[in-house]
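Raw contents of data-v9.cif, mmCIF, C-alpha atoms:
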```cif
data_protein
#
loop_
_atom_site.group_PDB
_atom_site.id
_atom_site.type_symbol
_atom_site.label_atom_id
_atom_site.label_comp_id
_atom_site.auth_asym_id
_atom_site.auth_seq_id
_atom_site.Cartn_x
_atom_site.Cartn_y
_atom_site.Cartn_z
ATOM 1 C CA MET H 275 5.544 47.283 68.176
ATOM 2 C CA THR H 276 2.226 46.258 69.672
ATOM 3 C CA SER H 277 0.940 49.790 69.240
ATOM 4 C CA LEU H 278 2.049 49.829 65.573
ATOM 5 C CA LEU H 279 0.263 46.537 64.916
ATOM 6 C CA LYS H 280 -2.869 47.942 66.516
ATOM 7 C CA SER H 281 -2.592 51.059 64.361
ATOM 8 C CA ALA H 282 -2.328 48.906 61.238
ATOM 9 C CA ALA H 283 -5.286 46.768 62.343
ATOM 10 C CA ILE H 284 -7.395 49.891 62.929
ATOM 11 C CA ALA H 285 -6.637 51.238 59.446
ATOM 12 C CA ILE H 286 -7.367 47.907 57.751
ATOM 13 C CA ALA H 287 -10.550 47.329 59.757
ATOM 14 C CA MET H 288 -11.804 50.848 59.060
ATOM 15 C CA TYR H 289 -11.098 50.977 55.328
ATOM 16 C CA SER H 290 -11.646 47.369 54.240
ATOM 17 C CA ARG H 291 -13.761 44.280 54.909
ATOM 18 C CA ILE H 292 -10.723 42.229 55.875
ATOM 19 C CA PRO H 293 -11.314 40.663 59.326
ATOM 20 C CA MET H 294 -9.104 42.104 62.070
ATOM 21 C CA PRO H 295 -8.734 41.313 65.782
ATOM 22 C CA VAL H 296 -11.301 43.119 67.938
ATOM 23 C CA PHE H 297 -9.910 45.421 70.632
ATOM 24 C CA GLU H 298 -10.675 48.784 72.180
ATOM 25 C CA TRP H 299 -9.290 51.661 70.115
ATOM 26 C CA GLN H 300 -7.056 53.881 72.222
ATOM 27 C CA GLU H 301 -5.885 57.334 71.172
ATOM 28 C CA GLU H 302 -2.244 56.205 71.168
ATOM 29 C CA ASP H 303 -3.148 53.424 68.713
ATOM 30 C CA MET H 304 -4.993 55.862 66.424
ATOM 31 C CA ARG H 305 -2.067 58.281 66.370
ATOM 32 C CA LEU H 306 -0.427 56.527 63.411
ATOM 33 C CA ALA H 307 -3.436 54.584 62.111
ATOM 34 C CA ILE H 308 -3.978 56.833 59.098
ATOM 35 C CA ALA H 309 -0.367 56.238 58.018
ATOM 36 C CA PHE H 310 -1.264 52.557 57.512
ATOM 37 C CA PHE H 311 -4.099 53.375 55.101
ATOM 38 C CA PRO H 312 -1.861 52.515 52.083
ATOM 39 C CA VAL H 313 -1.653 48.915 53.380
ATOM 40 C CA VAL H 314 -5.200 48.468 52.072
ATOM 41 C CA GLY H 315 -3.875 49.685 48.720
ATOM 42 C CA VAL H 316 -1.107 47.079 48.791
ATOM 43 C CA ILE H 317 -3.699 44.353 49.404
ATOM 44 C CA THR H 318 -6.003 45.684 46.688
ATOM 45 C CA GLY H 319 -3.214 46.032 44.143
ATOM 46 C CA ALA H 320 -1.938 42.529 44.886
ATOM 47 C CA ALA H 321 -5.457 41.114 44.496
ATOM 48 C CA VAL H 322 -5.993 42.829 41.142
ATOM 49 C CA MET H 323 -2.624 41.658 39.800
ATOM 50 C CA GLY H 324 -3.192 38.149 41.148
ATOM 51 C CA TRP H 325 -6.598 37.945 39.493
ATOM 52 C CA THR H 326 -5.195 39.244 36.205
ATOM 53 C CA ALA H 327 -2.410 36.633 36.213
ATOM 54 C CA LEU H 328 -4.801 33.812 37.172
ATOM 55 C CA GLY H 329 -7.404 34.870 34.623
ATOM 56 C CA ARG H 330 -4.787 35.095 31.873
ATOM 57 C CA TYR H 331 -3.525 31.599 32.782
ATOM 58 C CA LEU H 332 -7.060 30.159 32.752
ATOM 59 C CA GLY H 333 -7.962 31.898 29.500
ATOM 60 C CA VAL H 334 -10.751 34.021 30.992
ATOM 61 C CA PRO H 335 -12.235 36.366 28.326
ATOM 62 C CA ALA H 336 -11.100 39.979 28.490
ATOM 63 C CA ALA H 337 -14.574 41.268 29.397
ATOM 64 C CA ALA H 338 -14.841 38.926 32.384
ATOM 65 C CA LEU H 339 -11.287 39.791 33.424
ATOM 66 C CA ALA H 340 -12.115 43.482 33.324
ATOM 67 C CA LEU H 341 -15.419 43.218 35.185
ATOM 68 C CA MET H 342 -13.907 41.202 38.008
ATOM 69 C CA ALA H 343 -10.878 43.502 38.210
ATOM 70 C CA ALA H 344 -13.264 46.451 38.552
ATOM 71 C CA VAL H 345 -15.317 44.714 41.247
ATOM 72 C CA LEU H 346 -12.400 43.453 43.373
ATOM 73 C CA PRO H 347 -11.524 46.831 44.967
ATOM 74 C CA VAL H 348 -15.171 47.300 45.954
ATOM 75 C CA LEU H 349 -15.331 43.819 47.474
ATOM 76 C CA ILE H 350 -12.151 44.417 49.475
ATOM 77 C CA THR H 351 -13.153 47.860 50.761
ATOM 78 C CA GLY H 352 -16.842 47.119 51.189
ATOM 79 C CA GLY H 353 -17.697 50.061 48.959
ATOM 80 C CA ILE H 354 -16.963 52.659 51.642
ATOM 81 C CA HIS H 355 -15.300 54.999 49.121
ATOM 82 C CA VAL H 356 -18.065 54.535 46.554
ATOM 83 C CA ASP H 357 -20.567 55.526 49.233
ATOM 84 C CA GLY H 358 -18.585 58.711 49.841
ATOM 85 C CA PHE H 359 -18.449 59.402 46.111
ATOM 86 C CA MET H 360 -22.227 59.114 45.796
ATOM 87 C CA ASP H 361 -22.953 61.287 48.847
ATOM 88 C CA THR H 362 -20.541 63.959 47.612
ATOM 89 C CA SER H 363 -22.016 63.870 44.112
ATOM 90 C CA ASP H 364 -25.453 64.514 45.579
ATOM 91 C CA ALA H 365 -24.149 67.381 47.706
ATOM 92 C CA LEU H 366 -22.246 69.030 44.859
ATOM 93 C CA SER H 367 -25.187 68.713 42.483
ATOM 94 C CA SER H 368 -27.573 70.350 44.930
ATOM 95 C CA TYR H 369 -26.038 73.819 44.486
ATOM 96 C CA ARG H 370 -27.196 74.605 48.012
ATOM 97 C CA PRO H 371 -25.409 76.641 50.726
ATOM 98 C CA ARG H 372 -22.439 75.044 52.479
ATOM 99 C CA GLU H 373 -24.400 74.031 55.590
ATOM 100 C CA LYS H 374 -27.026 72.257 53.503
ATOM 101 C CA ARG H 375 -24.360 70.442 51.508
ATOM 102 C CA LEU H 376 -22.856 69.115 54.736
ATOM 103 C CA GLU H 377 -26.309 67.918 55.782
ATOM 104 C CA ILE H 378 -26.712 66.104 52.470
ATOM 105 C CA LEU H 379 -23.425 64.282 53.085
ATOM 106 C CA LYS H 380 -24.895 62.868 56.303
ATOM 107 C CA ASP H 381 -28.189 61.848 54.674
ATOM 108 C CA SER H 382 -28.390 58.058 54.273
ATOM 109 C CA HIS H 383 -30.652 58.375 51.215
ATOM 110 C CA ILE H 384 -29.256 58.711 47.707
ATOM 111 C CA GLY H 385 -30.517 61.043 44.999
ATOM 112 C CA ALA H 386 -30.711 60.825 41.231
ATOM 113 C CA PHE H 387 -27.463 62.743 40.761
ATOM 114 C CA ALA H 388 -25.569 60.217 42.872
ATOM 115 C CA VAL H 389 -26.801 57.364 40.684
ATOM 116 C CA ILE H 390 -26.004 59.258 37.483
ATOM 117 C CA ALA H 391 -22.512 60.168 38.719
ATOM 118 C CA LEU H 392 -21.789 56.559 39.709
ATOM 119 C CA MET H 393 -22.974 55.272 36.325
ATOM 120 C CA VAL H 394 -20.665 57.711 34.532
ATOM 121 C CA LEU H 395 -17.725 56.888 36.812
ATOM 122 C CA SER H 396 -18.324 53.140 36.377
ATOM 123 C CA ALA H 397 -18.441 53.505 32.583
ATOM 124 C CA PHE H 398 -15.079 55.302 32.564
ATOM 125 C CA TYR H 399 -13.559 52.778 34.971
ATOM 126 C CA LEU H 400 -14.783 49.793 32.963
ATOM 127 C CA ALA H 401 -13.495 51.390 29.767
ATOM 128 C CA GLY H 402 -10.071 51.596 31.365
ATOM 129 C CA THR H 403 -10.083 48.032 32.698
ATOM 130 C CA LEU H 404 -11.314 46.660 29.369
ATOM 131 C CA THR H 405 -8.477 48.418 27.547
ATOM 132 C CA LEU H 406 -5.920 46.941 29.925
ATOM 133 C CA MET H 407 -7.377 43.429 29.872
ATOM 134 C CA ASN H 408 -7.721 43.385 26.093
ATOM 135 C CA SER H 409 -4.026 44.236 25.913
ATOM 136 C CA VAL H 410 -3.174 41.499 28.404
ATOM 137 C CA THR H 411 -4.941 38.852 26.334
ATOM 138 C CA ALA H 412 -3.506 40.181 23.068
ATOM 139 C CA GLU H 413 0.117 40.807 24.011
ATOM 140 C CA GLY H 414 0.587 38.541 26.996
ATOM 141 C CA LEU H 415 0.990 39.180 30.692
ATOM 142 C CA ILE H 416 4.767 39.694 30.728
ATOM 143 C CA ALA H 417 4.716 42.458 28.125
ATOM 144 C CA LEU H 418 2.096 44.420 30.057
ATOM 145 C CA MET H 419 3.539 43.690 33.517
ATOM 146 C CA PRO H 420 5.154 47.163 33.998
ATOM 147 C CA VAL H 421 1.862 48.942 33.269
ATOM 148 C CA LEU H 422 -0.076 46.518 35.468
ATOM 149 C CA LEU H 423 2.412 47.130 38.260
ATOM 150 C CA VAL H 424 1.846 50.888 37.906
ATOM 151 C CA TRP H 425 -1.897 50.227 38.164
ATOM 152 C CA ALA H 426 -1.429 48.141 41.331
ATOM 153 C CA LEU H 427 0.834 50.745 42.932
ATOM 154 C CA GLY H 428 -1.742 53.406 42.075
ATOM 155 C CA PHE H 429 -4.030 51.960 44.756
ATOM 156 C CA CYS H 430 -1.258 52.659 47.266
ATOM 157 C CA LEU H 431 -0.554 56.186 45.998
ATOM 158 C CA SER H 432 -4.225 57.213 46.055
ATOM 159 C CA ARG H 433 -4.540 56.091 49.669
ATOM 160 C CA SER H 434 -1.280 57.791 50.623
ATOM 161 C CA LEU H 435 -2.608 61.047 49.184
ATOM 162 C CA SER H 436 -5.926 60.527 50.946
ATOM 163 C CA ALA H 437 -4.079 59.985 54.230
ATOM 164 C CA LEU H 438 -2.027 63.129 53.569
ATOM 165 C CA SER H 439 -5.234 65.123 53.206
ATOM 166 C CA VAL H 440 -6.520 63.798 56.537
ATOM 167 C CA ALA H 441 -3.257 64.762 58.213
ATOM 168 C CA SER H 442 -2.925 68.155 56.521
ATOM 169 C CA PHE H 443 -6.263 69.584 55.386
ATOM 170 C CA ARG H 444 -8.819 71.384 57.520
ATOM 171 C CA CYS H 445 -11.778 69.256 58.602
ATOM 172 C CA ALA H 446 -15.214 70.544 57.654
ATOM 173 C CA ARG H 447 -16.674 69.150 60.882
ATOM 174 C CA HIS H 448 -15.346 68.698 64.395
ATOM 175 C CA GLU H 449 -16.930 65.279 64.624
ATOM 176 C CA GLY H 450 -17.144 62.063 62.674
ATOM 177 C CA THR H 451 -14.732 59.325 61.656
ATOM 178 C CA LEU H 452 -12.362 61.474 59.636
ATOM 179 C CA TYR H 453 -12.035 64.003 62.456
ATOM 180 C CA ALA H 454 -11.295 61.164 64.892
ATOM 181 C CA PHE H 455 -8.489 59.953 62.624
ATOM 182 C CA GLY H 456 -7.326 63.420 61.684
ATOM 183 C CA ALA H 457 -7.069 64.932 65.151
ATOM 184 C CA PRO H 458 -4.226 62.686 66.352
ATOM 185 C CA ALA H 459 -2.735 62.679 62.854
ATOM 186 C CA HIS H 460 -1.906 66.398 62.952
ATOM 187 C CA GLN H 461 1.636 65.784 64.086
ATOM 188 C CA LYS H 462 4.845 66.388 62.212
ATOM 189 C CA MET H 463 5.998 62.779 62.519
ATOM 190 C CA THR H 464 2.795 61.340 61.060
ATOM 191 C CA ARG H 465 2.691 63.846 58.223
ATOM 192 C CA GLY H 466 6.334 63.120 57.484
ATOM 193 C CA ILE H 467 5.677 59.373 57.312
ATOM 194 C CA ILE H 468 2.706 59.841 54.985
ATOM 195 C CA LEU H 469 4.603 62.243 52.733
ATOM 196 C CA GLY H 470 7.379 59.650 52.545
ATOM 197 C CA GLU H 471 4.794 57.070 51.454
ATOM 198 C CA VAL H 472 3.565 59.391 48.713
ATOM 199 C CA ILE H 473 7.105 59.851 47.418
ATOM 200 C CA LEU H 474 7.855 56.127 47.722
ATOM 201 C CA PHE H 475 4.832 54.893 45.791
ATOM 202 C CA ALA H 476 5.082 57.607 43.137
ATOM 203 C CA GLY H 477 8.764 56.706 42.706
ATOM 204 C CA LEU H 478 7.982 52.998 42.403
ATOM 205 C CA MET H 479 5.346 53.723 39.765
ATOM 206 C CA ILE H 480 7.815 55.753 37.717
ATOM 207 C CA ALA H 481 10.526 53.096 38.170
ATOM 208 C CA ALA H 482 8.171 50.346 36.966
ATOM 209 C CA ASP H 483 7.325 52.214 33.760
ATOM 210 C CA PRO H 484 8.629 55.795 33.439
ATOM 211 C CA ALA H 485 6.033 57.099 30.985
ATOM 212 C CA ALA H 486 3.014 55.320 32.467
ATOM 213 C CA GLY H 487 4.137 55.879 36.045
ATOM 214 C CA LEU H 488 4.827 59.571 35.605
ATOM 215 C CA THR H 489 1.496 60.090 33.833
ATOM 216 C CA ALA H 490 -0.552 58.212 36.459
ATOM 217 C CA ALA H 491 1.283 59.879 39.353
ATOM 218 C CA GLY H 492 0.856 63.296 37.736
ATOM 219 C CA ILE H 493 -2.887 62.728 37.296
ATOM 220 C CA SER H 494 -3.101 61.689 40.949
ATOM 221 C CA VAL H 495 -1.471 64.915 42.119
ATOM 222 C CA LEU H 496 -3.724 67.039 39.909
ATOM 223 C CA VAL H 497 -6.843 65.309 41.281
ATOM 224 C CA PHE H 498 -5.450 65.775 44.805
ATOM 225 C CA PHE H 499 -5.224 69.545 44.409
ATOM 226 C CA TYR H 500 -8.665 69.653 42.734
ATOM 227 C CA TYR H 501 -10.019 67.730 45.737
ATOM 228 C CA ARG H 502 -8.483 70.271 48.091
ATOM 229 C CA TYR H 503 -9.922 73.195 46.090
ATOM 230 C CA ARG H 504 -13.481 71.820 45.918
ATOM 231 C CA SER H 505 -13.467 70.684 49.548
ATOM 232 C CA TYR H 506 -12.447 74.087 50.876
ATOM 233 C CA ARG H 507 -14.628 76.086 48.477
ATOM 234 C CA ASP H 508 -17.823 74.065 48.741
ATOM 235 C CA PHE H 509 -17.625 72.476 52.197
ATOM 236 C CA GLY H 510 -15.113 74.494 54.227
ATOM 237 C CA GLY H 511 -12.801 71.504 54.572
ATOM 238 C CA VAL H 512 -12.647 67.751 54.089
ATOM 239 C CA THR H 513 -14.919 64.987 55.368
ATOM 240 C CA GLY H 514 -14.826 61.208 55.121
ATOM 241 C CA ASP H 515 -17.241 61.293 52.201
ATOM 242 C CA LEU H 516 -15.075 63.801 50.332
ATOM 243 C CA ALA H 517 -12.037 61.586 50.910
ATOM 244 C CA GLY H 518 -13.948 58.707 49.308
ATOM 245 C CA TRP H 519 -14.951 60.966 46.413
ATOM 246 C CA PHE H 520 -11.294 61.848 45.877
ATOM 247 C CA LEU H 521 -10.196 58.218 45.966
ATOM 248 C CA CYS H 522 -12.711 57.211 43.295
ATOM 249 C CA LEU H 523 -11.763 60.096 41.019
ATOM 250 C CA CYS H 524 -8.038 59.532 41.558
ATOM 251 C CA GLU H 525 -8.079 55.817 40.770
ATOM 252 C CA THR H 526 -10.323 56.290 37.757
ATOM 253 C CA GLY H 527 -7.998 59.008 36.468
ATOM 254 C CA GLN H 528 -4.993 56.747 36.973
ATOM 255 C CA LEU H 529 -6.645 53.906 35.088
ATOM 256 C CA LEU H 530 -7.720 56.064 32.160
ATOM 257 C CA SER H 531 -4.223 57.525 31.853
ATOM 258 C CA LEU H 532 -2.770 54.003 31.689
ATOM 259 C CA ALA H 533 -5.341 52.991 29.074
ATOM 260 C CA LEU H 534 -4.342 56.018 26.993
ATOM 261 C CA ILE H 535 -0.648 55.108 27.278
ATOM 262 C CA ILE H 536 -1.401 51.588 26.054
ATOM 263 C CA LEU H 537 -3.459 52.838 23.088
ATOM 264 C CA ILE H 538 -0.704 55.279 22.074
ATOM 265 C CA ARG H 539 1.895 52.509 22.216
ATOM 266 C CA GLN H 540 -0.258 50.162 20.189
ATOM 267 C CA ALA H 541 -0.902 52.842 17.591
ATOM 268 C CA GLY H 542 2.840 53.514 17.309
#
```

Please, can you express the file's structure as structure tokens?
Amino acid sequence: MTSLLKSAAIAIAMYSRIPMPVFEWQEEDMRLAIAFFPVVGVITGAAVMGWTALGRYLGVPAAALALMAAVLPVLITGGIHVDGFMDTSDALSSYRPREKRLEILKDSHIGAFAVIALMVLSAFYLAGTLTLMNSVTAEGLIALMPVLLVWALGFCLSRSLSALSVASFRCARHEGTLYAFGAPAHQKMTRGIILGEVILFAGLMIAADPAAGLTAAGISVLVFFYYRYRSYRDFGGVTGDLAGWFLCLCETGQLLSLALIILIRQAG
């Protein structure tokens, strides 16, 4: 049990800004650490739903509700995934050979394409949150609760899929944080646990709202396979930055699919 708690603490400390006890990371503790990555999704989803409920109760305007809901995941994670998204955007936009792209991922500077890509991603994400929050203020929290629950569970599914890629995909480098997590993760038991998490969270999303859940889960899987295709083709495998790029695309895709479901229902 102590080892499991350490594994969970490692995952939370690595992928969020939530304070965790300080201890020396042993290989046996890291063996299952990646399987606890979805715990950060549980925390993020709970925070977003809690803020939505509190804001609705206090009468916070929809725009403020949406902006804060969009910022909360970044505050919780410290922006680690956004950083990966920007680095990957720069590398992909360079149209350079594979080795140069991998060098760009390691460069601490950001280029114009990274800023442009983040602005576009942020615009799509805010459009999705505004659609959801406008519906919350118009129709009430209870009526939109199933869709909001799908949104919250989406943070868990995206991280489960990200963990599955670490445990299953080829690493582009034999060094770095992702390789350190991925090396002990390449075991049947760990992959089985993560695959079970994927099935669990996708099932919960569909149970909460069949149409919205199936759409958001389907988008997540499509983005997952696109992530695998681009990683292998352009980089020779996955890296930590690419995993962050996937997470940003996946969660934005989920949110936009939910916004579309809401608009279709309102139009009908």

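With distances taken over all atoms listed in the file, H:Arg504 is the one residue among H:Arg539, H:Arg305, H:Arg504, H:Arg370 lying closest to Trp519 of chain H.
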
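The closest residue to Glu471 of chain H, picked from H:Phe509, H:Phe311, H:Trp325, H:Phe297 and counting only C-alpha atoms, is H:Phe311.
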
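The result of the PyMOL selection byres ((chain H and resi 534) around 12) on the shown file is H:Ala401, H:Gly402, H:Thr403, H:Leu404, H:Thr405, H:Leu406, H:Ser409, H:Val421, H:Ala485, H:Ala486, H:Thr489, H:Ala490, H:Gly527, H:Gln528, H:Leu529, H:Leu530, H:Ser531, H:Leu532, H:Ala533, H:Ile535, H:Ile536, H:Leu537, H:Ile538, H:Arg539, H:Gln540, H:Ala541.
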
Print the selection's residues with C-alpha atoms to a file, as a PDB file, in the frame of the given file.
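The resulting selection22.pdb:
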```pdb
ATOM      1  CA  ALA H 401     -13.495  51.390  29.767  1.00  0.00           C
ATOM      2  CA  GLY H 402     -10.071  51.596  31.365  1.00  0.00           C
ATOM      3  CA  THR H 403     -10.083  48.032  32.698  1.00  0.00           C
ATOM      4  CA  LEU H 404     -11.314  46.660  29.369  1.00  0.00           C
ATOM      5  CA  THR H 405      -8.477  48.418  27.547  1.00  0.00           C
ATOM      6  CA  LEU H 406      -5.920  46.941  29.925  1.00  0.00           C
ATOM      7  CA  SER H 409      -4.026  44.236  25.913  1.00  0.00           C
ATOM      8  CA  VAL H 421       1.862  48.942  33.269  1.00  0.00           C
ATOM      9  CA  ALA H 485       6.033  57.099  30.985  1.00  0.00           C
ATOM     10  CA  ALA H 486       3.014  55.320  32.467  1.00  0.00           C
ATOM     11  CA  THR H 489       1.496  60.090  33.833  1.00  0.00           C
ATOM     12  CA  ALA H 490      -0.552  58.212  36.459  1.00  0.00           C
ATOM     13  CA  GLY H 527      -7.998  59.008  36.468  1.00  0.00           C
ATOM     14  CA  GLN H 528      -4.993  56.747  36.973  1.00  0.00           C
ATOM     15  CA  LEU H 529      -6.645  53.906  35.088  1.00  0.00           C
ATOM     16  CA  LEU H 530      -7.720  56.064  32.160  1.00  0.00           C
ATOM     17  CA  SER H 531      -4.223  57.525  31.853  1.00  0.00           C
ATOM     18  CA  LEU H 532      -2.770  54.003  31.689  1.00  0.00           C
ATOM     19  CA  ALA H 533      -5.341  52.991  29.074  1.00  0.00           C
ATOM     20  CA  ILE H 535      -0.648  55.108  27.278  1.00  0.00           C
ATOM     21  CA  ILE H 536      -1.401  51.588  26.054  1.00  0.00           C
ATOM     22  CA  LEU H 537      -3.459  52.838  23.088  1.00  0.00           C
ATOM     23  CA  ILE H 538      -0.704  55.279  22.074  1.00  0.00           C
ATOM     24  CA  ARG H 539       1.895  52.509  22.216  1.00  0.00           C
ATOM     25  CA  GLN H 540      -0.258  50.162  20.189  1.00  0.00           C
ATOM     26  CA  ALA H 541      -0.902  52.842  17.591  1.00  0.00           C
TER      27      ALA H 541
END
```

Once the PyMOL selection byres ((chain H and resi 387-400) around 12) has been applied to the shown file, what residues remain in the selection, as a PyMOL selection string?
chain H and resi 336-345+347-348+355-369+378-379+382-386+401-408+519+521-533

Which residues, named as in the file, does the PyMOL selection byres ((chain H and resi 496) around 12) pick out? Answer as a ChimeraX atom specification.
/H:432,435,489-495,497-503,520,523-524,527-528

Go ahead and dump the residues you just picked, C-alpha atoms, as a PDB file, in the coordinates of the input.
```
ATOM      1  CA  SER H 432      -4.225  57.213  46.055  1.00  0.00           C
ATOM      2  CA  LEU H 435      -2.608  61.047  49.184  1.00  0.00           C
ATOM      3  CA  THR H 489       1.496  60.090  33.833  1.00  0.00           C
ATOM      4  CA  ALA H 490      -0.552  58.212  36.459  1.00  0.00           C
ATOM      5  CA  ALA H 491       1.283  59.879  39.353  1.00  0.00           C
ATOM      6  CA  GLY H 492       0.856  63.296  37.736  1.00  0.00           C
ATOM      7  CA  ILE H 493      -2.887  62.728  37.296  1.00  0.00           C
ATOM      8  CA  SER H 494      -3.101  61.689  40.949  1.00  0.00           C
ATOM      9  CA  VAL H 495      -1.471  64.915  42.119  1.00  0.00           C
ATOM     10  CA  VAL H 497      -6.843  65.309  41.281  1.00  0.00           C
ATOM     11  CA  PHE H 498      -5.450  65.775  44.805  1.00  0.00           C
ATOM     12  CA  PHE H 499      -5.224  69.545  44.409  1.00  0.00           C
ATOM     13  CA  TYR H 500      -8.665  69.653  42.734  1.00  0.00           C
ATOM     14  CA  TYR H 501     -10.019  67.730  45.737  1.00  0.00           C
ATOM     15  CA  ARG H 502      -8.483  70.271  48.091  1.00  0.00           C
ATOM     16  CA  TYR H 503      -9.922  73.195  46.090  1.00  0.00           C
ATOM     17  CA  PHE H 520     -11.294  61.848  45.877  1.00  0.00           C
ATOM     18  CA  LEU H 523     -11.763  60.096  41.019  1.00  0.00           C
ATOM     19  CA  CYS H 524      -8.038  59.532  41.558  1.00  0.00           C
ATOM     20  CA  GLY H 527      -7.998  59.008  36.468  1.00  0.00           C
ATOM     21  CA  GLN H 528      -4.993  56.747  36.973  1.00  0.00           C
TER      22      GLN H 528
END
```

Residue neighbourhood Val472 of chain H, 9 Å, all atoms listed in the file, exclusion window fewer than 5 positions, as a PyMOL selection string
chain H and resi 430-435+438+467+477

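Put simply, atom CA of Leu488 of chain H is 16.4 Å away from atom CA of Leu418 of chain H.
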
Skipping near chain neighbours, those fewer than 6 positions away, what residues fall within 8 Å of Ser505 of chain H using all atoms listed in the file, listed as a compact mmCIF listing (two decimals) with C-alpha atoms, in the coordinates of the input?
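Below you can see result39.txt, which holds the result:
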```txt
# COMPACT_ATOMS: atom_id res chain seq x y z
CA GLY H 511 -12.80 71.50 54.57
CA VAL H 512 -12.65 67.75 54.09
CA LEU H 516 -15.08 63.80 50.33
```

Nearest to Trp425 of chain H by atom-to-atom distance, counting all atoms listed in the file, from H:Met479, H:Lys374, H:Thr464, H:Leu349
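Result for the nearest residue to Trp425 of chain H: H:Met479.
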
So the first atom is atom CA of Arg291 of chain H and the second is atom CA of Leu423 of chain H; what is the distance between them in Å, to one decimal place?
23.4 Å

Figure out the distance between atom CA of Gly324 of chain H and atom CA of Ala307 of chain H, please, to one decimal in Å.
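Result for atom CA of Ala307 of chain H versus atom CA of Gly324 of chain H: 26.6 Å, one decimal.
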
Test item: which residues lie within 12 Å of (4.2, 63.0, 60.6) counting all atoms listed in the file, as a list of chain:residue names
H:Arg305, H:Leu306, H:Ala307, H:Ile308, H:Ala309, H:Ala437, H:Leu438, H:Val440, H:Ala441, H:Ser442, H:Gly456, H:Pro458, H:Ala459, H:His460, H:Gln461, H:Lys462, H:Met463, H:Thr464, H:Arg465, H:Gly466, H:Ile467, H:Ile468, H:Leu469, H:Gly470, H:Glu471
